[in-house]
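So this one's target.csv, CSV, C-alpha atoms:
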```csv
chain,number,residue,atom,x,y,z
A,18,MET,CA,77.2,116.1,111.7
A,19,ILE,CA,79.7,113.7,110.3
A,20,GLU,CA,82.7,113.1,112.6
A,21,ILE,CA,86.0,113.4,110.8
A,22,THR,CA,88.7,110.9,111.8
A,23,ASP,CA,92.4,112.0,111.9
A,24,LEU,CA,94.6,109.5,110.1
A,25,TYR,CA,98.4,110.0,110.4
A,26,PHE,CA,100.4,108.9,107.4
A,27,ALA,CA,103.8,107.5,108.1
A,28,THR,CA,105.7,109.6,105.6
A,29,GLY,CA,107.2,113.0,105.1
A,30,ASN,CA,106.5,112.8,101.3
A,31,ALA,CA,104.1,115.7,100.6
A,32,HIS,CA,103.2,114.2,97.2
A,33,LYS,CA,102.0,111.0,98.8
A,34,VAL,CA,100.0,112.8,101.5
A,35,ALA,CA,98.2,115.0,98.9
A,36,GLU,CA,97.5,111.9,96.7
A,37,MET,CA,96.0,110.0,99.6
A,38,GLN,CA,93.9,113.0,100.7
A,39,ALA,CA,92.6,113.2,97.2
A,40,LEU,CA,91.7,109.6,97.2
A,41,ALA,CA,89.9,110.0,100.6
A,42,ASP,CA,88.0,113.0,99.2
A,43,ASP,CA,87.0,111.1,96.0
A,44,SER,CA,85.9,108.2,98.2
A,45,ARG,CA,83.8,110.5,100.3
A,46,LEU,CA,85.4,109.2,103.5
A,47,ALA,CA,85.4,111.5,106.5
A,48,LEU,CA,89.2,111.3,106.9
A,49,ARG,CA,91.7,114.1,107.5
A,50,LEU,CA,95.2,113.0,106.6
A,51,HIS,CA,98.2,114.3,108.5
A,52,SER,CA,101.8,113.7,107.5
A,53,ALA,CA,104.4,112.5,110.0
A,54,LYS,CA,105.6,116.2,110.2
A,55,ASP,CA,102.4,116.9,112.1
A,56,ALA,CA,103.5,114.4,114.7
A,57,GLY,CA,107.0,116.0,115.0
A,58,GLY,CA,108.6,114.1,112.2
A,59,MET,CA,108.8,110.5,111.1
A,60,PRO,CA,111.0,108.3,113.3
A,61,VAL,CA,114.0,106.7,111.6
A,62,VAL,CA,113.1,103.3,110.2
A,63,VAL,CA,115.5,100.9,108.6
A,64,GLU,CA,113.5,99.3,105.8
A,65,ASP,CA,115.3,96.0,105.9
A,66,THR,CA,112.6,93.3,105.8
A,67,GLY,CA,113.0,92.6,102.1
A,68,THR,CA,109.2,92.8,101.5
A,69,PHE,CA,106.7,95.6,100.9
A,70,ILE,CA,104.4,94.5,103.7
A,71,GLY,CA,107.2,94.1,106.2
A,72,ASN,CA,108.6,97.6,105.5
A,73,ALA,CA,105.1,99.1,105.6
A,74,ARG,CA,104.5,97.4,109.0
A,75,LYS,CA,107.7,98.8,110.5
A,76,LYS,CA,106.9,102.3,109.4
A,77,ALA,CA,103.3,102.2,110.7
A,78,HIS,CA,104.4,100.8,114.1
A,79,ALA,CA,107.2,103.4,114.4
A,80,LEU,CA,104.8,106.3,114.0
A,81,HIS,CA,102.0,104.6,116.1
A,82,GLU,CA,104.4,104.3,119.0
A,83,LYS,CA,105.6,107.9,118.7
A,84,LEU,CA,101.9,109.0,118.8
A,85,GLY,CA,101.5,107.0,122.0
A,86,GLY,CA,99.6,104.1,120.5
A,87,ARG,CA,96.3,106.0,120.6
A,88,SER,CA,95.9,107.2,117.0
A,89,TRP,CA,94.9,105.9,113.6
A,90,VAL,CA,98.1,105.4,111.6
A,91,LEU,CA,98.5,104.6,107.9
A,92,SER,CA,101.7,103.6,106.1
A,93,ASP,CA,102.5,102.5,102.6
A,94,ASP,CA,105.4,100.8,101.0
A,95,SER,CA,105.4,100.8,97.2
A,96,GLY,CA,107.7,100.3,94.3
A,97,LEU,CA,108.3,99.4,90.7
A,98,CYS,CA,109.1,95.9,89.8
A,99,VAL,CA,110.7,95.3,86.3
A,100,ASP,CA,110.3,91.7,85.1
A,101,ALA,CA,113.4,91.7,82.9
A,102,LEU,CA,115.5,92.9,85.8
A,103,GLY,CA,114.4,90.2,88.2
A,104,GLY,CA,112.0,92.6,90.0
A,105,GLU,CA,114.3,95.5,90.4
A,106,PRO,CA,114.1,98.1,91.8
A,107,GLY,CA,111.4,96.6,94.0
A,108,VAL,CA,111.6,97.3,97.7
A,109,GLU,CA,114.7,99.5,96.9
A,110,SER,CA,112.7,101.8,94.6
A,111,ALA,CA,113.2,104.8,96.9
A,112,TYR,CA,116.9,104.4,97.0
A,113,TYR,CA,117.8,102.5,93.9
A,114,ALA,CA,120.7,104.7,93.1
A,115,GLY,CA,122.0,104.6,96.7
A,116,GLN,CA,120.9,105.7,100.2
A,117,GLY,CA,119.8,109.4,100.0
A,118,ALA,CA,119.5,109.3,96.3
A,119,THR,CA,117.0,111.7,94.6
A,120,SER,CA,114.1,110.6,92.6
A,121,ALA,CA,115.9,111.9,89.5
A,122,ALA,CA,118.9,109.8,90.3
A,123,ASN,CA,116.8,106.7,90.8
A,124,LEU,CA,115.0,107.3,87.5
A,125,ALA,CA,118.2,107.9,85.6
A,126,LYS,CA,119.7,104.7,86.9
A,127,LEU,CA,116.7,102.7,85.8
A,128,ILE,CA,116.6,104.3,82.4
A,129,GLN,CA,120.3,103.4,82.0
A,130,ARG,CA,119.5,99.8,83.0
A,131,LEU,CA,116.7,99.6,80.4
A,132,GLN,CA,118.9,100.5,77.4
A,133,THR,CA,119.8,96.9,76.7
A,134,ILE,CA,116.3,95.6,77.1
A,135,PRO,CA,114.0,95.4,74.0
A,136,ALA,CA,110.8,97.5,74.2
A,137,GLU,CA,108.6,94.4,74.1
A,138,LYS,CA,110.3,93.0,77.2
A,139,ARG,CA,110.0,96.1,79.4
A,140,THR,CA,107.0,94.9,81.2
A,141,ALA,CA,106.7,96.0,84.8
A,142,HIS,CA,104.2,96.6,87.6
A,143,PHE,CA,103.8,99.1,90.4
A,144,ILE,CA,102.8,97.6,93.8
A,145,CYS,CA,101.4,99.3,96.9
A,146,VAL,CA,100.8,97.9,100.3
A,147,LEU,CA,98.7,100.1,102.7
A,148,PHE,CA,99.1,99.1,106.3
A,149,VAL,CA,96.8,100.4,109.0
A,150,ILE,CA,97.0,100.3,112.7
A,151,ASP,CA,93.9,101.4,114.7
A,152,PRO,CA,93.9,103.0,118.1
A,153,ALA,CA,93.5,99.6,119.7
A,154,GLY,CA,96.6,98.3,117.9
A,155,HIS,CA,94.8,96.0,115.5
A,156,GLU,CA,96.5,95.6,112.1
A,157,HIS,CA,95.0,95.6,108.6
A,158,ASN,CA,96.7,95.6,105.2
A,159,PHE,CA,95.6,96.1,101.6
A,160,VAL,CA,97.5,95.5,98.4
A,161,GLY,CA,97.1,97.2,95.0
A,162,ARG,CA,98.9,96.6,91.7
A,163,SER,CA,99.1,98.4,88.4
A,164,ASN,CA,100.6,96.6,85.3
A,165,GLY,CA,102.3,98.3,82.4
A,166,LYS,CA,105.4,98.8,80.3
A,167,LEU,CA,108.4,101.1,80.5
A,168,LEU,CA,109.8,103.6,78.1
A,169,ASP,CA,113.5,104.3,77.7
A,170,ARG,CA,113.0,108.0,78.1
A,171,GLU,CA,110.9,110.4,80.2
A,172,ARG,CA,107.6,111.8,79.1
A,173,GLY,CA,105.3,114.1,81.0
A,174,GLY,CA,105.8,116.7,83.7
A,175,ALA,CA,103.3,115.5,86.3
A,176,GLY,CA,103.6,112.7,88.9
A,177,PHE,CA,106.7,111.7,90.7
A,178,GLY,CA,109.3,109.0,91.0
A,179,TYR,CA,109.2,106.6,88.0
A,180,ASP,CA,105.9,108.0,86.7
A,181,PRO,CA,107.5,109.6,83.6
A,182,ILE,CA,108.4,106.2,82.1
A,183,PHE,CA,105.6,104.0,83.2
A,184,VAL,CA,102.7,103.4,80.7
A,185,PRO,CA,99.9,101.5,82.4
A,186,ASP,CA,98.1,98.8,80.5
A,187,GLY,CA,95.3,100.1,78.3
A,188,HIS,CA,96.9,103.5,77.9
A,189,THR,CA,99.4,105.1,75.6
A,190,ARG,CA,100.5,107.9,78.0
A,191,THR,CA,102.7,107.7,81.0
A,192,PHE,CA,101.5,108.2,84.6
A,193,ALA,CA,103.2,111.6,84.3
A,194,GLU,CA,101.1,112.5,81.2
A,195,LEU,CA,97.7,111.1,82.3
A,196,GLY,CA,97.1,113.7,85.0
A,197,GLU,CA,96.1,113.2,88.6
A,198,THR,CA,92.4,112.4,88.0
A,199,VAL,CA,93.1,109.6,85.6
A,200,LYS,CA,96.1,108.3,87.5
A,201,ASN,CA,94.2,108.2,90.8
A,202,GLY,CA,91.6,106.0,89.1
A,203,ILE,CA,94.0,103.3,88.0
A,204,SER,CA,97.2,103.5,90.0
A,205,HIS,CA,98.4,100.8,92.4
A,206,ARG,CA,97.9,103.2,95.3
A,207,SER,CA,94.3,103.9,94.3
A,208,ARG,CA,93.6,100.2,94.0
A,209,ALA,CA,94.9,99.5,97.5
A,210,TRP,CA,93.0,102.5,98.7
A,211,ALA,CA,89.7,101.2,97.1
A,212,GLN,CA,90.1,98.1,99.3
A,213,PHE,CA,90.8,100.2,102.3
A,214,ALA,CA,87.8,102.4,101.6
A,215,GLU,CA,85.4,99.4,101.3
A,216,TRP,CA,86.7,98.1,104.6
A,217,TRP,CA,86.4,101.5,106.3
A,218,ARG,CA,82.8,101.9,105.2
A,219,THR,CA,81.9,98.5,106.4
A,220,ARG,CA,83.4,99.1,109.9
A,221,THR,CA,81.8,102.5,110.1
A,222,GLU,CA,78.3,101.0,109.2
A,223,GLN,CA,78.8,98.3,111.9
A,224,GLN,CA,79.5,100.9,114.7
```

Structure re-expressed in structure tokens:
Amino acid sequence: MIEITDLYFATGNAHKVAEMQALADDSRLALRLHSAKDAGGMPVVVEDTGTFIGNARKKAHALHEKLGGRSWVLSDDSGLCVDALGGEPGVESAYYAGQGATSAANLAKLIQRLQTIPAEKRTAHFICVLFVIDPAGHEHNFVGRSNGKLLDRERGGAGFGYDPIFVPDGHTRTFAELGETVKNGISHRSRAWAQFAEWWRTRTEQQ
């Protein structure tokens, strides 16, 4: 019988947890993801490192310590970087319109900022850093990236965040139009996850 490993995800975002569980299932990894809510809630973390990996590390350690340092913990820090805006919103993607801003407000601000940028210059990329701490406290990180271009208006009703305006390279539809199956095969998060999955299989085979 295959033993299932519990992996606590340092987020209260149900969309991210569902997306990660889908990736785990598609990878056929014996992992059961839990949100920070299952641990009593995510500790308050000030994401002030200025880097994706630094912020991911802070979140992972905060939840790892809350769980007593004996559990597998996963965190991610991800965002959208727009070339013509000097990398904005970048590490501030989740609060681009201000602390406590909704995803709709963040998206609206970015769309407004894009109005003066010609379509051919609206290149951008999503980046995702997955940071893992094992029960022994060892750290591991994996980085995924998805390149594309941005529209100046929303299209599609699926996805979340900036998905409705991001068209990945090689496609004509936005992340919000492609659907979960296609998106999970090409997204920045799925690419970081693929690296994690390969590492997980290798360590499992060596046990």

Subject >> Residue contacts of His142 in chain A (7 Å, only C-alpha atoms) excluding same-chain residues fewer than 6 positions away, as a PyMOL selection string >> reply: chain A and resi 97-99+162-165

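All residues of protein, DNA or RNA that reach within 8 Å of range 40-44 of chain A, judged by all atoms listed in the file and not counting those fewer than 6 positions away in the chain, are Asn201, Ser207, Trp210 and Ala214 of chain A.
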
**OP:** Find the residues near Phe213 in chain A: any atom within 12 Å, counting all atoms listed in the file, skip ones fewer than 5 places away on the same chain, and give them as JSON, numbers by chain.
**Re:** {"A": [37, 40, 41, 44, 46, 91, 93, 145, 146, 147, 148, 149, 157, 158, 159, 160, 161, 206, 207, 208, 218, 219, 220]}

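For the choices A:Ile182, A:Val108, A:Ala31, A:Val199, the atom-to-atom distance to Ile70 in chain A is smallest for A:Val108 when using only C-alpha atoms.
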
**OP:** Enter the distance from CA of Ser204 in chain A to CA of Lys166 in chain A, in Å, rounded to one decimal.
**Re:**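 Those two atoms sit 13.5 Å apart.
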
**OP:** Tell me, as an MDAnalysis selection string, which residues lie within 9 Å of range 74-80 of chain A, counting only C-alpha atoms; anything in the same chain fewer than 4 positions away does not count.
**Re:** chainID A and resid 25:28 53 56 58:64 66 69:70 84:86 90:94 147:150 156 158

Can you write just those residues out, C-alpha atoms, as an mmCIF file, keeping the file's coordinate frame?
```cif
data_model
loop_
_atom_site.group_PDB
_atom_site.id
_atom_site.type_symbol
_atom_site.label_atom_id
_atom_site.label_comp_id
_atom_site.auth_asym_id
_atom_site.auth_seq_id
_atom_site.Cartn_x
_atom_site.Cartn_y
_atom_site.Cartn_z
ATOM 1 C CA TYR A 25 98.400 110.000 110.400
ATOM 2 C CA PHE A 26 100.400 108.900 107.400
ATOM 3 C CA ALA A 27 103.800 107.500 108.100
ATOM 4 C CA THR A 28 105.700 109.600 105.600
ATOM 5 C CA ALA A 53 104.400 112.500 110.000
ATOM 6 C CA ALA A 56 103.500 114.400 114.700
ATOM 7 C CA GLY A 58 108.600 114.100 112.200
ATOM 8 C CA MET A 59 108.800 110.500 111.100
ATOM 9 C CA PRO A 60 111.000 108.300 113.300
ATOM 10 C CA VAL A 61 114.000 106.700 111.600
ATOM 11 C CA VAL A 62 113.100 103.300 110.200
ATOM 12 C CA VAL A 63 115.500 100.900 108.600
ATOM 13 C CA GLU A 64 113.500 99.300 105.800
ATOM 14 C CA THR A 66 112.600 93.300 105.800
ATOM 15 C CA PHE A 69 106.700 95.600 100.900
ATOM 16 C CA ILE A 70 104.400 94.500 103.700
ATOM 17 C CA LEU A 84 101.900 109.000 118.800
ATOM 18 C CA GLY A 85 101.500 107.000 122.000
ATOM 19 C CA GLY A 86 99.600 104.100 120.500
ATOM 20 C CA VAL A 90 98.100 105.400 111.600
ATOM 21 C CA LEU A 91 98.500 104.600 107.900
ATOM 22 C CA SER A 92 101.700 103.600 106.100
ATOM 23 C CA ASP A 93 102.500 102.500 102.600
ATOM 24 C CA ASP A 94 105.400 100.800 101.000
ATOM 25 C CA LEU A 147 98.700 100.100 102.700
ATOM 26 C CA PHE A 148 99.100 99.100 106.300
ATOM 27 C CA VAL A 149 96.800 100.400 109.000
ATOM 28 C CA ILE A 150 97.000 100.300 112.700
ATOM 29 C CA GLU A 156 96.500 95.600 112.100
ATOM 30 C CA ASN A 158 96.700 95.600 105.200
#
```

Original post:
Nearest to His81 in chain A among A:Gly202, A:Tyr113, A:Gly29, A:Pro152, with distances taken over all atoms listed in the file: which residue is it?
Top reply: A:Pro152

**OP:** Would you mind reading off the distance between CA of Gly107 in chain A and CA of Gly154 in chain A, one decimal, in Å?
**Re:** 28.2 Å

Subject >> Between CA of Lys54 in chain A and CA of Ile144 in chain A - distance in Å to one decimal >> reply: 25.0 Å

Subject >> Minimum-distance residue to Phe143 in chain A, chosen among A:Leu167, A:Ala114, A:Ile19, A:Leu131 (using all atoms listed in the file) >> reply: A:Leu167
